[in-house]
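Asker: Below is the file final-v8.txt, with compact mmCIF, C-alpha atoms and all ligand atoms.
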```txt
# COMPACT_ATOMS: atom_id res chain seq x y z
CA MET A 856 -13.23 -26.18 2.67
CA LYS A 857 -10.63 -23.47 2.35
CA LEU A 858 -11.63 -19.85 2.76
CA THR A 859 -10.30 -17.08 0.54
CA LEU A 860 -9.86 -13.56 1.83
CA SER A 861 -9.63 -11.11 -1.08
CA VAL A 862 -8.96 -7.41 -0.67
CA ILE A 863 -9.35 -5.45 -3.91
CA LYS A 864 -8.87 -1.68 -3.90
CA ALA A 865 -9.02 1.26 -6.28
CA ASP A 866 -9.08 5.03 -6.48
CA ILE A 867 -12.21 5.82 -8.48
CA GLY A 868 -12.43 9.51 -7.65
CA GLY A 869 -11.34 11.90 -4.92
CA TYR A 870 -13.35 14.22 -2.67
CA VAL A 871 -11.92 16.94 -2.43
CA GLY A 872 -8.99 16.62 -4.83
CA HIS A 873 -7.10 13.43 -3.84
CA SER A 874 -7.93 13.63 -0.12
CA SER A 875 -10.98 11.47 0.55
CA VAL A 876 -13.98 9.69 -1.04
CA HIS A 877 -17.58 10.87 -1.25
CA PRO A 878 -20.07 8.86 0.86
CA GLU A 879 -22.40 8.37 -2.13
CA VAL A 880 -19.57 6.77 -4.09
CA ILE A 881 -18.83 4.36 -1.23
CA SER A 882 -22.55 3.59 -0.86
CA ARG A 883 -22.86 2.61 -4.51
CA VAL A 884 -19.75 0.40 -4.35
CA ARG A 885 -21.13 -1.29 -1.22
CA GLU A 886 -24.56 -1.76 -2.83
CA VAL A 887 -23.13 -3.57 -5.85
CA ALA A 888 -20.85 -5.73 -3.66
CA LEU A 889 -23.81 -6.70 -1.45
CA GLU A 890 -25.82 -7.67 -4.55
CA GLY A 891 -22.93 -10.02 -5.33
CA LYS A 892 -23.18 -11.42 -1.82
CA ASP A 893 -26.93 -12.00 -2.32
CA ARG A 894 -26.19 -13.87 -5.57
CA GLY A 895 -23.70 -16.09 -3.73
CA VAL A 896 -20.58 -14.80 -5.51
CA ILE A 897 -19.03 -14.05 -2.12
CA LEU A 898 -19.81 -15.01 1.46
CA ASP A 899 -19.34 -11.55 2.92
CA VAL A 900 -17.98 -8.08 2.19
CA SER A 901 -16.83 -5.05 4.16
CA VAL A 902 -16.10 -1.76 2.41
CA ILE A 903 -13.41 0.50 3.87
CA SER A 904 -11.64 3.62 2.64
CA CYS A 905 -8.36 5.39 3.22
CA GLY A 906 -7.77 8.78 1.61
CA ASP A 907 -9.02 8.66 -1.98
CA ASP A 908 -9.00 4.83 -2.15
CA ILE A 909 -11.79 2.31 -1.52
CA ALA A 910 -11.17 -1.34 -0.62
CA LEU A 911 -13.55 -4.30 -0.81
CA VAL A 912 -12.67 -6.85 1.86
CA MET A 913 -14.36 -10.07 0.69
CA THR A 914 -14.58 -13.68 1.83
CA HIS A 915 -15.51 -16.62 -0.43
CA ASN A 916 -14.59 -20.19 -1.29
CA LYS A 917 -13.54 -19.62 -4.89
CA GLY A 918 -9.77 -19.38 -4.38
CA ILE A 919 -7.22 -16.76 -5.38
CA ASP A 920 -7.68 -15.05 -8.78
CA ALA A 921 -11.34 -16.16 -9.01
CA THR A 922 -12.80 -14.46 -12.09
CA GLU A 923 -16.28 -14.09 -10.57
CA VAL A 924 -14.93 -12.33 -7.47
CA HIS A 925 -12.65 -10.03 -9.44
CA GLU A 926 -15.51 -9.23 -11.79
CA LEU A 927 -17.77 -8.33 -8.85
CA ALA A 928 -15.12 -5.90 -7.53
CA TRP A 929 -14.64 -4.48 -11.02
CA ASN A 930 -18.39 -3.92 -11.45
CA ALA A 931 -18.66 -2.34 -8.00
CA PHE A 932 -15.84 0.09 -8.86
CA ARG A 933 -17.33 0.77 -12.29
CA GLU A 934 -20.74 1.57 -10.81
CA GLY A 935 -19.08 3.71 -8.12
CA THR A 936 -17.27 5.54 -10.91
CA GLU A 937 -20.61 6.46 -12.48
CA VAL A 938 -21.62 8.19 -9.24
CA ALA A 939 -18.17 9.81 -8.99
CA LYS A 940 -18.55 11.12 -12.56
CA LYS A 941 -22.03 12.43 -11.88
CA LEU A 942 -20.72 14.37 -8.87
CA LYS A 943 -17.64 15.42 -10.90
CA MET A 944 -15.35 13.93 -8.25
CA TYR A 945 -11.66 14.48 -8.93
CA GLY A 946 -10.06 11.89 -11.19
CA ALA A 947 -13.29 9.86 -11.43
CA GLY A 948 -12.46 6.30 -12.51
CA GLN A 949 -8.71 6.98 -12.42
CA ASP A 950 -7.70 3.42 -11.47
CA LEU A 951 -9.96 1.66 -13.97
CA LEU A 952 -7.45 1.55 -16.79
CA THR A 953 -9.56 -0.33 -19.35
CA ASP A 954 -13.21 -0.27 -20.39
CA ALA A 955 -13.99 -3.97 -20.34
CA PHE A 956 -13.25 -6.56 -17.67
CA SER A 957 -11.07 -9.42 -18.91
CA GLY A 958 -10.96 -12.17 -16.31
CA ASN A 959 -8.80 -10.65 -13.58
CA VAL A 960 -8.42 -7.12 -12.21
CA LYS A 961 -4.63 -7.48 -12.00
CA GLY A 962 -3.00 -5.18 -14.51
CA MET A 963 -6.30 -3.35 -15.01
CA GLY A 964 -5.63 -0.75 -12.30
CA PRO A 965 -6.99 -1.96 -8.95
CA GLY A 966 -4.63 -3.38 -6.30
CA VAL A 967 -5.15 -6.93 -5.00
CA ALA A 968 -4.10 -8.87 -1.89
CA GLU A 969 -5.53 -12.38 -1.52
CA MET A 970 -4.85 -15.37 0.70
CA GLU A 971 -6.39 -18.81 1.10
CA PHE A 972 -6.47 -20.75 4.37
CA GLU A 973 -8.37 -23.18 6.53
CA GLU A 974 -10.33 -21.02 8.98
CA ARG A 975 -8.93 -21.62 12.48
CA LYS A 976 -10.94 -22.10 15.67
CA SER A 977 -10.75 -18.33 15.87
CA GLU A 978 -9.40 -16.25 12.98
CA PRO A 979 -8.35 -12.67 13.79
CA VAL A 980 -7.00 -10.72 10.80
CA ILE A 981 -5.94 -7.13 10.21
CA VAL A 982 -6.29 -5.33 6.89
CA PHE A 983 -3.82 -2.44 6.79
CA PHE A 984 -4.70 0.12 4.14
CA ALA A 985 -2.47 3.10 3.23
CA ASP A 986 -2.83 6.16 1.03
CA LYS A 987 -0.12 8.30 -0.62
CA THR A 988 2.60 5.65 -0.50
CA SER A 989 3.71 2.40 -2.17
CA PRO A 990 3.74 -1.33 -1.26
CA SER A 991 7.36 -1.15 -0.10
CA ALA A 992 6.04 0.91 2.83
CA TRP A 993 5.19 -2.50 4.36
CA ASN A 994 8.81 -3.75 4.25
CA LEU A 995 9.84 -2.27 7.60
CA PRO A 996 6.72 -3.23 9.61
CA LEU A 997 6.67 -6.76 8.10
CA TYR A 998 10.28 -7.22 9.09
CA GLU A 999 9.47 -6.07 12.62
CA MET A 1000 6.27 -8.14 12.92
CA PHE A 1001 7.74 -11.40 11.64
CA ALA A 1002 11.50 -11.22 12.19
CA ASP A 1003 12.37 -8.77 14.95
CA PRO A 1004 12.14 -10.16 18.49
CA MET A 1005 12.51 -6.63 19.84
CA ASN A 1006 9.07 -5.97 18.33
CA THR A 1007 7.45 -9.40 18.43
CA ALA A 1008 8.01 -11.11 21.74
CA GLY A 1009 6.29 -14.24 20.38
CA LEU A 1010 9.33 -14.99 18.20
CA VAL A 1011 11.19 -15.70 21.44
CA ILE A 1012 8.43 -16.81 23.79
CA ASP A 1013 5.91 -18.77 21.66
CA PRO A 1014 7.12 -22.21 20.48
CA SER A 1015 4.73 -22.05 17.49
CA MET A 1016 6.54 -18.95 16.18
CA HIS A 1017 10.05 -19.77 17.34
CA ASP A 1018 11.10 -21.45 14.06
CA GLY A 1019 10.57 -18.18 12.22
CA PHE A 1020 9.03 -17.13 8.92
CA ILE A 1021 9.74 -17.08 5.17
CA PHE A 1022 9.62 -13.78 3.28
CA ASP A 1023 8.74 -13.65 -0.42
CA VAL A 1024 10.45 -10.57 -1.85
CA MET A 1025 9.93 -9.03 -5.29
CA ASP A 1026 12.27 -6.88 -7.36
CA VAL A 1027 9.77 -4.41 -8.80
CA TYR A 1028 12.02 -3.56 -11.74
CA SER A 1029 12.70 -7.08 -13.02
CA GLY A 1030 9.60 -8.84 -11.68
CA MET A 1031 11.87 -11.56 -10.15
CA THR A 1032 11.16 -12.89 -6.65
CA ILE A 1033 13.29 -14.53 -3.97
CA GLN A 1034 12.27 -16.39 -0.80
CA LEU A 1035 14.36 -15.83 2.31
CA ARG A 1036 14.10 -17.62 5.64
CA THR A 1037 14.36 -15.93 9.00
CA PRO A 1038 16.09 -15.89 11.41
CA GLU A 1039 18.91 -17.68 9.54
CA GLU A 1040 18.88 -15.43 6.44
CA LEU A 1041 17.87 -12.25 8.24
CA TYR A 1042 20.84 -10.20 7.07
CA ASP A 1043 20.32 -11.35 3.46
CA LEU A 1044 16.67 -10.35 3.74
CA LEU A 1045 17.61 -6.89 4.93
CA VAL A 1046 20.05 -6.44 2.04
CA PHE A 1047 17.00 -6.39 -0.20
CA ILE A 1048 14.03 -5.08 1.73
CA GLY A 1049 16.01 -2.15 3.14
CA ALA A 1050 16.19 -0.92 -0.48
CA THR A 1051 12.55 0.15 -0.56
CA SER A 1052 12.74 1.83 -3.95
CA ARG A 1053 13.47 -1.51 -5.60
CA TYR A 1054 12.24 -4.42 -3.47
CA CYS A 1055 8.98 -5.13 -1.72
CA VAL A 1056 7.69 -7.99 0.41
CA ARG A 1057 4.84 -9.80 -1.37
CA ALA A 1058 4.01 -12.40 1.25
CA VAL A 1059 5.15 -14.01 4.50
CA TYR A 1060 4.73 -17.71 5.38
CA ARG A 1061 5.17 -19.56 8.67
CA LYS A 1062 8.23 -21.74 8.26
CA LYS A 1063 7.01 -24.66 10.40
CA ASP A 1064 4.04 -25.55 8.17
CA GLY A 1065 4.09 -23.13 5.24
CA GLU A 1066 0.88 -21.43 6.44
CA ILE A 1067 0.24 -18.06 4.84
CA ALA A 1068 0.74 -15.26 7.39
CA ALA A 1069 0.66 -12.01 5.39
CA VAL A 1070 0.04 -10.82 1.83
CA ALA A 1071 0.55 -7.35 0.33
CA SER A 1072 -0.89 -5.83 -2.84
CA THR A 1073 2.08 -5.82 -5.22
CA GLN A 1074 0.71 -7.60 -8.26
CA LYS A 1075 0.15 -4.49 -10.31
CA LEU A 1076 3.82 -3.63 -9.99
CA SER A 1077 4.94 -7.13 -10.96
CA LEU A 1078 2.81 -7.15 -14.09
CA MET A 1079 4.37 -3.91 -15.18
CA ALA A 1080 7.90 -4.98 -14.26
CA GLY A 1081 10.47 -3.32 -16.44
CA ARG A 1082 8.35 -0.21 -16.38
CA TYR A 1083 8.00 0.60 -12.71
CA VAL A 1084 4.65 2.28 -12.22
CA GLY A 1085 5.58 4.06 -9.01
CA LYS A 1086 3.24 4.66 -6.12
CA ASP A 1087 0.33 2.34 -5.70
CA ASP A 1088 -1.51 3.01 -2.42
CA PRO A 1089 -1.23 -0.48 -0.91
CA VAL A 1090 -3.17 -2.93 1.28
CA LEU A 1091 -1.72 -5.62 3.52
CA ILE A 1092 -3.48 -8.59 5.15
CA VAL A 1093 -1.95 -10.00 8.34
CA ARG A 1094 -3.28 -13.07 10.20
CA CYS A 1095 -2.88 -12.75 13.95
CA GLN A 1096 -2.58 -14.76 17.18
CA SER A 1097 -1.95 -18.47 17.88
CA GLY A 1098 1.31 -18.92 15.98
CA PHE A 1099 1.17 -15.57 14.20
CA PRO A 1100 1.98 -12.15 15.71
CA ALA A 1101 -0.51 -11.04 18.36
CA VAL A 1102 -2.74 -8.17 17.23
CA GLY A 1103 -0.63 -5.85 19.39
CA GLU A 1104 2.60 -7.18 17.88
CA ALA A 1105 1.27 -6.53 14.37
CA LEU A 1106 0.28 -2.97 15.34
CA GLU A 1107 3.42 -2.13 17.32
CA PRO A 1108 5.70 -1.10 14.39
CA PHE A 1109 3.23 1.70 13.59
CA ALA A 1110 3.72 3.25 17.04
CA ARG A 1111 7.10 4.50 15.79
CA PRO A 1112 6.54 6.24 12.45
CA TRP A 1113 9.17 5.81 9.75
CA PHE A 1114 9.72 7.40 6.37
CA VAL A 1115 8.09 6.09 3.20
CA GLU A 1116 7.92 7.21 -0.42
CA GLY A 1117 4.86 8.97 -1.78
CA TRP A 1118 3.12 12.00 -0.31
CA MET A 1119 2.63 14.99 -2.64
CA ARG A 1120 2.64 13.95 -6.32
CA GLY A 1121 4.15 10.59 -5.37
CA SER A 1122 7.45 12.46 -5.39
CA HIS A 1123 8.39 12.88 -1.74
CA THR A 1124 9.58 11.14 1.38
CA GLY A 1125 7.28 11.43 4.37
CA PRO A 1126 6.31 9.75 7.64
CA LEU A 1127 3.56 7.11 7.57
CA MET A 1128 0.96 8.31 10.08
CA PRO A 1129 -1.26 5.65 11.74
CA VAL A 1130 -4.79 7.07 11.95
CA SER A 1131 -8.38 6.21 12.82
CA PHE A 1132 -10.85 5.71 9.98
CA SER A 1133 -12.17 9.26 10.46
CA GLN A 1134 -8.65 10.75 10.24
CA ALA A 1135 -7.74 8.90 7.04
CA LYS A 1136 -7.89 12.10 5.04
CA PRO A 1137 -4.46 13.26 3.85
CA THR A 1138 -4.79 17.03 3.61
CA ARG A 1139 -1.46 18.65 4.56
CA PHE A 1140 0.62 18.83 1.38
CA ASP A 1141 -1.64 15.93 0.24
CA GLY A 1142 -0.49 13.93 3.24
CA PRO A 1143 1.41 12.97 5.19
CA PRO A 1144 0.86 9.38 4.03
CA ARG A 1145 -1.78 7.63 6.16
CA VAL A 1146 -2.42 4.08 7.26
CA ILE A 1147 -5.52 2.57 8.86
CA ALA A 1148 -5.85 -0.84 10.50
CA ALA A 1149 -9.19 -2.64 10.10
CA GLY A 1150 -9.47 -5.63 12.43
CA TYR A 1151 -11.87 -8.53 11.78
CA GLN A 1152 -12.76 -11.82 13.42
CA ILE A 1153 -13.70 -14.24 10.67
CA CYS A 1154 -16.53 -16.57 11.68
CA GLU A 1155 -17.69 -19.31 9.26
CA GLY A 1156 -16.53 -17.12 6.40
CA HIS A 1157 -18.24 -14.01 7.73
CA LEU A 1158 -16.42 -10.80 8.55
CA ILE A 1159 -17.17 -9.62 12.06
CA GLY A 1160 -15.90 -6.06 12.13
CA PRO A 1161 -14.13 -3.91 11.27
CA VAL A 1162 -12.67 -2.63 14.49
CA ASP A 1163 -10.83 0.68 13.97
CA LEU A 1164 -7.56 -0.42 15.59
CA PHE A 1165 -5.60 2.85 15.40
CA ASP A 1166 -8.51 4.67 17.08
CA ASP A 1167 -6.58 4.44 20.32
CA PRO A 1168 -4.91 7.18 22.38
CA ALA A 1169 -1.87 4.88 22.57
CA PHE A 1170 -1.20 5.97 18.95
CA ASP A 1171 -1.62 9.71 19.65
CA GLN A 1172 2.10 10.08 20.28
CA ALA A 1173 2.88 8.38 16.96
CA ARG A 1174 0.62 10.88 15.20
CA GLN A 1175 2.41 13.75 16.93
CA ASP A 1176 5.81 12.28 16.09
CA ALA A 1177 4.74 11.92 12.46
CA SER A 1178 3.65 15.57 12.39
CA LEU A 1179 7.01 16.65 13.75
CA MET A 1180 8.84 14.45 11.22
CA ALA A 1181 6.65 16.05 8.53
CA ASN A 1182 7.71 19.53 9.71
CA TYR A 1183 11.39 18.64 9.43
CA LEU A 1184 10.95 17.34 5.91
CA ARG A 1185 8.68 20.14 4.74
CA ARG A 1186 11.49 22.55 5.68
CA GLN A 1187 13.44 21.05 2.75
CA GLY A 1188 10.71 22.08 0.30
CA ILE A 1189 11.53 20.88 -3.20
CA PHE A 1190 15.07 19.91 -2.12
CA GLU A 1191 16.20 16.34 -1.48
CA PRO A 1192 15.88 14.34 0.71
CA HIS A 1193 12.26 15.50 1.00
CA ARG A 1194 12.00 15.26 -2.77
CA LEU A 1195 12.83 11.76 -4.04
CA PRO A 1196 16.16 11.17 -5.83
CA PRO A 1197 16.32 11.54 -9.65
CA GLU A 1198 15.99 7.77 -10.36
CA GLU A 1199 12.61 7.79 -8.65
CA MET A 1200 11.48 11.08 -10.15
CA GLU A 1201 11.65 9.33 -13.54
CA TYR A 1202 8.29 7.82 -12.69
CA THR A 1203 6.59 11.13 -11.95
CA THR A 1204 5.59 14.06 -14.14
CA LEU A 1205 9.08 15.62 -13.84
CA PRO A 1206 10.56 14.08 -17.06
CA LYS A 1207 8.09 16.18 -19.06
CA VAL A 1208 9.68 19.30 -17.57
CA LEU A 1209 13.22 17.95 -18.11
CA GLU A 1210 12.48 17.19 -21.75
CA LYS A 1211 11.99 20.90 -22.43
CA LEU A 1212 15.42 21.80 -21.01
CA LYS A 1213 17.55 18.91 -22.24
CA ASP A 1214 19.06 20.70 -25.27
CA ARG A 1215 20.27 23.58 -23.12
CA PHE A 1216 23.01 21.45 -21.52
CA LYS A 1217 26.59 21.83 -22.80
CA LEU A 1218 29.80 20.07 -21.79
CA ALA A 1219 31.24 22.05 -18.86
CA ASP A 1220 34.82 21.95 -20.27
CA SER A 1221 33.72 23.62 -23.49
CA VAL A 1222 32.12 26.70 -21.96
CA ARG A 1223 33.29 29.50 -19.71
CA PRO A 1224 30.85 30.42 -16.97
CA LYS A 1225 29.99 33.81 -18.42
CA LEU A 1226 26.47 35.11 -18.83
CA SER A 1227 25.43 35.58 -22.46
CA THR A 1228 23.20 38.46 -23.49
CA GLU A 1229 20.37 35.97 -24.09
CA GLY A 1230 20.58 34.98 -20.45
CA GLU A 1231 22.38 31.75 -21.30
CA VAL A 1232 25.98 30.84 -20.46
CA ALA A 1233 28.00 31.87 -23.55
CA GLU A 1234 30.33 29.50 -25.35
C1 LIG A 1301 -0.29 11.58 -4.78
C2 LIG A 1301 -1.53 12.26 -5.15
C3 LIG A 1301 -1.57 13.74 -5.15
C4 LIG A 1301 -1.49 14.30 -6.57
C5 LIG A 1301 -1.48 15.82 -6.59
C6 LIG A 1301 -1.51 16.40 -7.99
O1 LIG A 1301 -0.44 10.21 -4.82
O2 LIG A 1301 -2.51 11.64 -5.49
O3 LIG A 1301 -0.57 14.29 -4.33
O4 LIG A 1301 -0.36 13.82 -7.21
O5 LIG A 1301 -2.61 16.34 -5.90
O6 LIG A 1301 -2.61 15.88 -8.63
P1 LIG A 1301 -3.02 16.26 -10.13
O7 LIG A 1301 -1.81 16.01 -10.97
O8 LIG A 1301 -4.16 15.33 -10.39
O9 LIG A 1301 -3.41 17.70 -10.11
MG MG A 1302 -6.57 10.08 -6.46
MG MG A 1303 -4.78 7.24 -3.18
```
Give the structure from this file in structure tokens form.
Answerer:
Amino acid sequence: MKLTLSVIKADIGGYVGHSSVHPEVISRVREVALEGKDRGVILDVSVISCGDDIALVMTHNKGIDATEVHELAWNAFREGTEVAKKLKMYGAGQDLLTDAFSGNVKGMGPGVAEMEFEERKSEPVIVFFADKTSPSAWNLPLYEMFADPMNTAGLVIDPSMHDGFIFDVMDVYSGMTIQLRTPEELYDLLVFIGATSRYCVRAVYRKKDGEIAAVASTQKLSLMAGRYVGKDDPVLIVRCQSGFPAVGEALEPFARPWFVEGWMRGSHTGPLMPVSFSQAKPTRFDGPPRVIAAGYQICEGHLIGPVDLFDDPAFDQARQDASLMANYLRRQGIFEPHRLPPEEMEYTTLPKVLEKLKDRFKLADSVRPKLSTEGEVAE
């Protein structure tokens, strides 16, 4: 029987501000999820957090989009919200956009990444979980993991990976998707996924047999296509070893931090810093954006783990590099390129400020640059 791995995540209240989550809130979410396990809704669950977001990592046999499983996650987040409200946590319940559950959490606020597969003889998986950034943050590492032989030696050395992979890419504005095959369509793939403000990788499949290799949480964006909803602290599931990237190949892109969108007010560019579970607390200028890697061995549908994979001195240098990159960008303050370009600021709170000033603009040719007594340029 096929196994489904579902990761459903939400921000149901921050402690302090948007930086972390209160242990009592996590406890309540875990309690409700475990009750679901006792009732047989799921086989197993592991609760992890990154910044102000909580994720339920669940295994079951009910397939993708299973109402019962989504409802369990919804109830766990709703109950957690009650605790968050009681403690007056910041933005309590912020990702639960509606009052009543209606069959599927997609479009209701939480982010979802799910995959279905036949459990292998041994099934190592990594759940990457980021805060203060968006799903397109995964574009660069997914490219490196599955299409760059300079990162993933297995693409060259392992015959079971040598054929390459298929990337499913979504245009977050139109909601359209395209599938591109690597290595033969590598340059076409990069045309799109290099444009991180518009395109994001939804899934990766092994070309040889169509096996699912990786899935990211992008559904919320697709449902709201046409009205891009901006940052959406994402999760990513990656299957590892035996025909997929080795655990170390999946982690390697994170050893060299790169810039992503998000950080303060979802309005800035910043380095994605790989951190241990205990360091997943974005404090400096509400960041810089963080990512954790939770490793599991799946055994007969049970989650053995998580192992805190970035809790390794081999990633200390990456954390230092990210801090230095953060310093360079912070020097720019509110100026681009630290601040995102105007097209992206449309999806922040800035338009409300612009609205107030819009009538003050006049055609440059019709006015002389001379200060009026009211402090405005006179006509
Ligand atoms: C970014 C984020 C924070 C908030 C910022 C302002 O994803 O969550 O940087 O945008 O702290 O928060 P409010 O508007 O709630 O005061
Ligand atoms: Mg928050
Ligand atoms: Mg968050």
Asker: Taking into account all atoms listed in the file, which residue in the set A:Tyr1054, A:Asp1003, A:Ala939, A:Pro996 is nearest to Asp1023 in chain A?
Answerer: A:Tyr1054
Asker: Set the cut-off to 8 Å, count all atoms listed in the file, and list whatever residues fall near ligand LIG 1301 (chain A) as JSON, numbers by chain.
Answerer: {"A": [872, 873, 874, 907, 945, 946, 986, 987, 988, 1086, 1087, 1088, 1117, 1118, 1119, 1120, 1121, 1122, 1140, 1141, 1142]}
Asker: I want to know what sits within 9 Å of Gly868 in chain A, based on only C-alpha atoms, with residues of the same chain fewer than 3 positions away left out; could you give that as a list in words?
Answerer: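 Returned residues: Gly872, His873, Ser875, Val876, His877, Val880, Asp907, Asp908, Gly935, Thr936, Ala939, Lys940, Lys943, Met944, Tyr945, Gly946, Ala947, Gly948, Gln949 and Asp950 of chain A.
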Asker: What does the distance from CA of Ala1148 in chain A to CA of Leu997 in chain A come to in Å, to one decimal?
Answerer: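 Taking CA of Ala1148 in chain A and CA of Leu997 in chain A, their separation equals 14.1 Å.
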Asker: For Arg1057 in chain A, please output as a list of chain:residue names all residues within 7 Å (counting all atoms listed in the file; exclusion window: fewer than 3 positions along the same chain).
Answerer: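 Those residues are A:Asp1023, A:Val1024, A:Met1025, A:Val1070, A:Ala1071, A:Thr1073.
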Asker: Give the answer as one residue: which of A:Leu1184, A:Leu1010, A:Val900, A:Cys905 has the shortest atom-to-atom distance to Arg1145 in chain A, using only C-alpha atoms?
Answerer: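 Smallest distance to Arg1145 in chain A is found for A:Cys905.
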Asker: Determine, for each residue of range 920-1013 of chain A having at least one atom at most 12 Å from an atom of range 893-898 of chain A, the closest pair of atoms and their separation in Å to one decimal, counting all atoms listed in the file; order by chain and ascending number, as JSON lines.
Answerer:
```
{"residue": "A:Ala921", "atom": "CA", "partner": "A:Val896", "partner_atom": "CA", "distance": 10.0}
{"residue": "A:Thr922", "atom": "CA", "partner": "A:Val896", "partner_atom": "CA", "distance": 10.2}
{"residue": "A:Glu923", "atom": "CA", "partner": "A:Val896", "partner_atom": "CA", "distance": 6.7}
{"residue": "A:Val924", "atom": "CA", "partner": "A:Val896", "partner_atom": "CA", "distance": 6.5}
{"residue": "A:His925", "atom": "CA", "partner": "A:Val896", "partner_atom": "CA", "distance": 10.1}
{"residue": "A:Glu926", "atom": "CA", "partner": "A:Val896", "partner_atom": "CA", "distance": 9.8}
{"residue": "A:Leu927", "atom": "CA", "partner": "A:Val896", "partner_atom": "CA", "distance": 7.8}
{"residue": "A:Ala928", "atom": "CA", "partner": "A:Ile897", "partner_atom": "CA", "distance": 10.5}
```
Asker: Please compute the CA of Thr1124 in chain A-CA of Gly906 in chain A distance, one decimal, in Å.
Answerer: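 Taking CA of Thr1124 in chain A as the start and CA of Gly906 in chain A as the end point, the length is 17.5 Å.
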Asker: Let me make sure I understand: among A:Arg1215, A:Lys864, A:Lys941, A:His1193, which one has the smallest atom-to-atom distance to Gly964 in chain A if we use all atoms listed in the file?
Answerer: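 Of all the options, A:Lys864 lies closest to Gly964 in chain A.
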Asker: Would you pick out the contacts of range 1058-1068 of chain A at 10 Å or less, using all atoms listed in the file, so that residues sharing its chain but fewer than 4 positions from it are not included, and give the list as a ChimeraX atom specification?
Answerer: /A:968-973,980,997-998,1001,1015-1025,1034-1037,1072-1073,1091-1095,1098-1100
Asker: Kindly indicate which residue among A:Val912, A:Thr859, A:Tyr870, A:Asp1171 lies nearest to ligand MG 1303 (chain A), using all atoms listed in the file for the distances.
Answerer: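 So, comparing all the options, the nearest one is A:Tyr870.
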Asker: Restricting the calculation to all atoms listed in the file, which member of A:Glu978, A:Glu934, A:Asp920, A:Asp954 is positioned closest to Glu1155 in chain A?
Answerer: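 Closest candidate: A:Glu978.
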Asker: Record the distance separating CA of Val1046 in chain A and CA of Gly966 in chain A, expressed in Å with one decimal.
Answerer: 26.2 Å
Asker: Which residues come within 10 Å of range 1161-1169 of chain A, counting all atoms listed in the file, excluding same-chain residues fewer than 4 positions away, as a list of chain:residue names?
Answerer: A:Ser901, A:Val902, A:Ile903, A:Val912, A:Val980, A:Ile981, A:Val982, A:Phe983, A:Val1102, A:Gly1103, A:Leu1106, A:Phe1109, A:Ala1110, A:Pro1129, A:Val1130, A:Ser1131, A:Phe1132, A:Ser1133, A:Gln1134, A:Val1146, A:Ile1147, A:Ala1148, A:Ala1149, A:Gly1150, A:Tyr1151, A:Gln1152, A:Ala1173, A:Arg1174
Asker: Calculated over all atoms listed in the file, which of the candidates A:Val1090, A:Val871, A:Leu1209, A:Ala931 has the smallest distance to ligand MG 1302 (chain A)?
Answerer: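 For ligand MG 1302 (chain A), the nearest of the given residues is A:Val871.
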Asker: Taking the point (-16.4, -25.4, 1.0) as given in the file, collect each protein or nucleic acid residue that comes within 9 Å of it, counting all atoms listed in the file, and present the set as an MDAnalysis selection string.
Answerer: chainID A and resid 856:858 915:917
Asker: Which residues, written as a list in words, have at least one atom at most 7 Å from Ala1177 in chain A, with only C-alpha atoms counted and residues fewer than 3 positions away on the same chain left out?
Answerer: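 Residues near the query, excluding close chain neighbours: Pro1112, Pro1126, Leu1127, Met1128, Ala1173, Arg1174, Met1180 and Ala1181 of chain A.
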Asker: Can you rebuild range 1004-1013 of chain A with N, CA and C atoms and give it as a PDB file, in the coordinates of the input?
Answerer:
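Now in part-v4.pdb:
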```
ATOM      1  N   PRO A1004      12.610  -9.812  17.133  1.00  0.00           N
ATOM      2  CA  PRO A1004      12.140 -10.160  18.490  1.00  0.00           C
ATOM      3  C   PRO A1004      12.042  -8.954  19.410  1.00  0.00           C
ATOM      4  N   MET A1005      12.659  -7.837  19.031  1.00  0.00           N
ATOM      5  CA  MET A1005      12.510  -6.630  19.840  1.00  0.00           C
ATOM      6  C   MET A1005      11.113  -6.035  19.664  1.00  0.00           C
ATOM      7  N   ASN A1006      10.457  -6.396  18.548  1.00  0.00           N
ATOM      8  CA  ASN A1006       9.070  -5.970  18.330  1.00  0.00           C
ATOM      9  C   ASN A1006       8.102  -7.080  18.741  1.00  0.00           C
ATOM     10  N   THR A1007       8.383  -8.289  18.253  1.00  0.00           N
ATOM     11  CA  THR A1007       7.450  -9.400  18.430  1.00  0.00           C
ATOM     12  C   THR A1007       8.010 -10.382  19.440  1.00  0.00           C
ATOM     13  N   ALA A1008       7.521 -10.268  20.646  1.00  0.00           N
ATOM     14  CA  ALA A1008       8.010 -11.110  21.740  1.00  0.00           C
ATOM     15  C   ALA A1008       7.741 -12.583  21.446  1.00  0.00           C
ATOM     16  N   GLY A1009       6.667 -12.863  20.687  1.00  0.00           N
ATOM     17  CA  GLY A1009       6.290 -14.240  20.380  1.00  0.00           C
ATOM     18  C   GLY A1009       7.394 -15.011  19.650  1.00  0.00           C
ATOM     19  N   LEU A1010       8.242 -14.309  18.906  1.00  0.00           N
ATOM     20  CA  LEU A1010       9.330 -14.990  18.200  1.00  0.00           C
ATOM     21  C   LEU A1010      10.259 -15.687  19.197  1.00  0.00           C
ATOM     22  N   VAL A1011      10.335 -15.131  20.397  1.00  0.00           N
ATOM     23  CA  VAL A1011      11.190 -15.700  21.440  1.00  0.00           C
ATOM     24  C   VAL A1011      10.368 -16.624  22.354  1.00  0.00           C
ATOM     25  N   ILE A1012       9.182 -16.164  22.702  1.00  0.00           N
ATOM     26  CA  ILE A1012       8.430 -16.810  23.790  1.00  0.00           C
ATOM     27  C   ILE A1012       7.496 -17.933  23.323  1.00  0.00           C
ATOM     28  N   ASP A1013       6.927 -17.816  22.100  1.00  0.00           N
ATOM     29  CA  ASP A1013       5.910 -18.770  21.660  1.00  0.00           C
ATOM     30  C   ASP A1013       6.540 -19.871  20.809  1.00  0.00           C
TER      31      ASP A1013
END
```
